[in-house]
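J.: Got a structure for you, questions after.
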Amino acid sequence: MKCFLKFNLTKNFIFYILSFFILSQRPVEASDLDRYIEELRSSNEDERYEAIVALGDLADPMAIPALKKLLGDSVMSVRHAVPQALAQIGGPEVEAIFKEMTASSSVEKKRLGAIGLGLLGCGEPSQKILLQLLNDESWEVRWASVFALGILGDLSVEPLLEKAKDSDQNSEVRHIATDILQRIPREVRWYGSLKEAMDVSQSQSKNLLVLFQLPSAHECKTLLDKVVGQPAWIELSRKFVCVKLNPKSVPDLAKTYSIEGVPTLLLLNPQGEILDRIEGLIPYQEYLDRMKASLEEKKEDLTLAGNGTLINQKMDEGKFDETIPLLEKRLDQGASAQILLYLGYSYGKVGRYNDAIRTLERLKSQNLSDEEREKGLYCLSLSYLALGKIGRTRKILLDLREKGHDSQITKAAAQLLEEIAHKEKR
């Protein structure tokens, strides 16, 4: 493991350790994965149990099929260890397994499936399954559903849990409902799917807080225990839609957002654009300050998108020298695709081509729409062209022409390629 350590001791918070688990520097050894999977076949129940726990810590999706088989193990303690390990791996395949279990005729499988959905941080469709299980004929299934809803930390289900506390026929269910109603306000409502969370964020006009983490990484455990569990953090998190992801289970997303290590916490607007990125551990108060700042960034982004804003007005008037300081100030508060695109374009318009290139290249780390990507690439190609870097210009334009949509930008790219080729022939 490769870590960067930084100590910053203050009277308010002594344990400031900035350490970053670098994914590319510590891959899961294939021999470890294979060995633990092989131990799942052991005749010794303790070895099977330990192998399940170890595979949960590795959090490698390759272990999912082997773990799923042990849901039918002859030993109860072994069977019951599987949902926790699967939830640590996460991802859509695991959620599908848990949903399948809740539809089983087996009381135990329904119980474990329900708890698994809670541990996973399921989205609205799976949460509805948990709410339906509150009326299951088996008190054990109802108990598991109440427990899972408590883990989810969704305050909206409190009225239904109040009903279970007051009127369920089983005393064990009433007791767990009482405990859960006290626990929910102290829980963060985590989602396990960015797509589902983004739908919620757009419908509720909330920013997203996305945590990429691995259960076995010490730094991730520290973040969850020392930061995420604090009352002020939990209260502030209610203003976000929170997502917790294993980067190994969502490699495409990890690549899109350039996740190189864990923990990495991203603050996104509802369109998935990065407002802030926090890698490793930072002081507790700084988390709160940056979360609050991203909420202000969201409000400013909505203003920026309007037609009557000062920035848009100055750009419409061609006053790019006056636009640039405003955009640079916004950039200091956190990068978003829109700000980077506007700023890079403005730099190009005033002849600051190196600044334009530096800014527009940063767009590659953003979650872009097709239109934003094509605009950014075309502006980037023009700045390279202005500096006489024909090879780089041609490469970008070819990418636009071949991979872009049928738009005015791609047509302009094709035309510019022809003009460059014609000039080179003369």
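If you're wondering about the labels, chains in the structure tokens are A, B, ... by order shown, residues count from 1 in each chain, ligands from 1 in order shown.
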Set the distance at 8 Å and use only C-alpha atoms: which residues neighbour segment 124-137 of chain A once local chain neighbours fewer than 6 positions away are removed? I'd like the list as a PyMOL selection string.
T.: chain A and resi 99+102+114+117+143+145-146+148-149+164+196
J.: Would you mind listing what lies within 12 Å of Gln415 of chain A as number ranges by chain, with only C-alpha atoms counted and same-chain residues fewer than 3 positions away left out?
T.: A: 378, 394, 397-398, 400-401, 408-412, 418-422
J.: Determine which residues of segment 228-323 of chain A receive a DSSP assignment of helix (DSSP H, G or I), computed from the backbone, and state them as JSON, numbers by chain.
T.: {"A": [228, 231, 232, 233, 234, 235, 236, 237, 251, 252, 253, 254, 255, 256, 284, 285, 286, 287, 288, 289, 290, 291, 292, 293, 294, 295, 296, 297, 298, 299, 300, 301, 302, 303, 304, 310, 311, 312, 313, 314, 315, 316, 320, 321, 322, 323]}
J.: Can you pull out the residues contacting Gly91 of chain A? Cut-off 9 Å, using only C-alpha atoms, and skip same-chain residues under 3 positions away; I want them as a tab-separated table (two decimals) with N, CA, C and O atoms, in the first residue's frame.
T.:
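around.tsv, freshly written:
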```tsv
chain	number	residue	atom	x	y	z
A	61	PRO	N	-15.60	-8.32	-7.00
A	61	PRO	CA	-16.81	-8.88	-7.60
A	61	PRO	C	-16.63	-10.30	-8.15
A	61	PRO	O	-17.62	-11.01	-8.33
A	87	ALA	N	-22.66	-7.53	0.58
A	87	ALA	CA	-22.95	-6.10	0.67
A	87	ALA	C	-21.67	-5.27	0.63
A	87	ALA	O	-21.65	-4.16	0.10
A	94	VAL	N	-25.16	-7.78	-6.90
A	94	VAL	CA	-25.46	-8.14	-5.51
A	94	VAL	C	-26.89	-7.73	-5.16
A	94	VAL	O	-27.62	-8.49	-4.52
A	95	GLU	N	-27.31	-6.55	-5.58
A	95	GLU	CA	-28.68	-6.13	-5.28
A	95	GLU	C	-29.70	-7.08	-5.91
A	95	GLU	O	-30.72	-7.41	-5.30
A	96	ALA	N	-29.39	-7.56	-7.11
A	96	ALA	CA	-30.30	-8.52	-7.77
A	96	ALA	C	-30.40	-9.81	-6.97
A	96	ALA	O	-31.48	-10.41	-6.87
A	120	LEU	N	-26.69	-2.93	1.89
A	120	LEU	CA	-26.21	-2.47	0.59
A	120	LEU	C	-26.49	-0.99	0.37
A	120	LEU	O	-25.71	-0.30	-0.29
A	192	GLY	N	-26.67	2.71	-2.97
A	192	GLY	CA	-25.61	1.87	-3.52
A	192	GLY	C	-25.51	1.97	-5.03
A	192	GLY	O	-24.72	1.25	-5.64
A	193	SER	N	-26.30	2.84	-5.63
A	193	SER	CA	-26.32	3.02	-7.08
A	193	SER	C	-26.30	4.51	-7.40
A	193	SER	O	-27.18	5.26	-6.94
A	245	LEU	N	-19.88	3.68	-2.74
A	245	LEU	CA	-19.56	2.75	-3.83
A	245	LEU	C	-18.21	2.09	-3.61
A	245	LEU	O	-17.27	2.71	-3.10
A	246	ASN	N	-18.15	0.82	-4.02
A	246	ASN	CA	-16.89	0.09	-4.10
A	246	ASN	C	-16.36	0.28	-5.52
A	246	ASN	O	-16.99	-0.16	-6.47
A	249	SER	N	-16.45	-2.61	-7.96
A	249	SER	CA	-17.75	-3.08	-8.46
A	249	SER	C	-18.32	-2.17	-9.53
A	249	SER	O	-19.25	-2.56	-10.23
A	250	VAL	N	-17.79	-0.95	-9.63
A	250	VAL	CA	-18.27	0.00	-10.64
A	250	VAL	C	-17.07	0.58	-11.38
A	250	VAL	O	-16.81	1.79	-11.32
```
J.: As a PyMOL selection string, please: the residues near Ala144 of chain A (cut-off 8 Å, only C-alpha atoms, same-chain neighbours under 6 positions excluded).
T.: chain A and resi 111-112+114-115
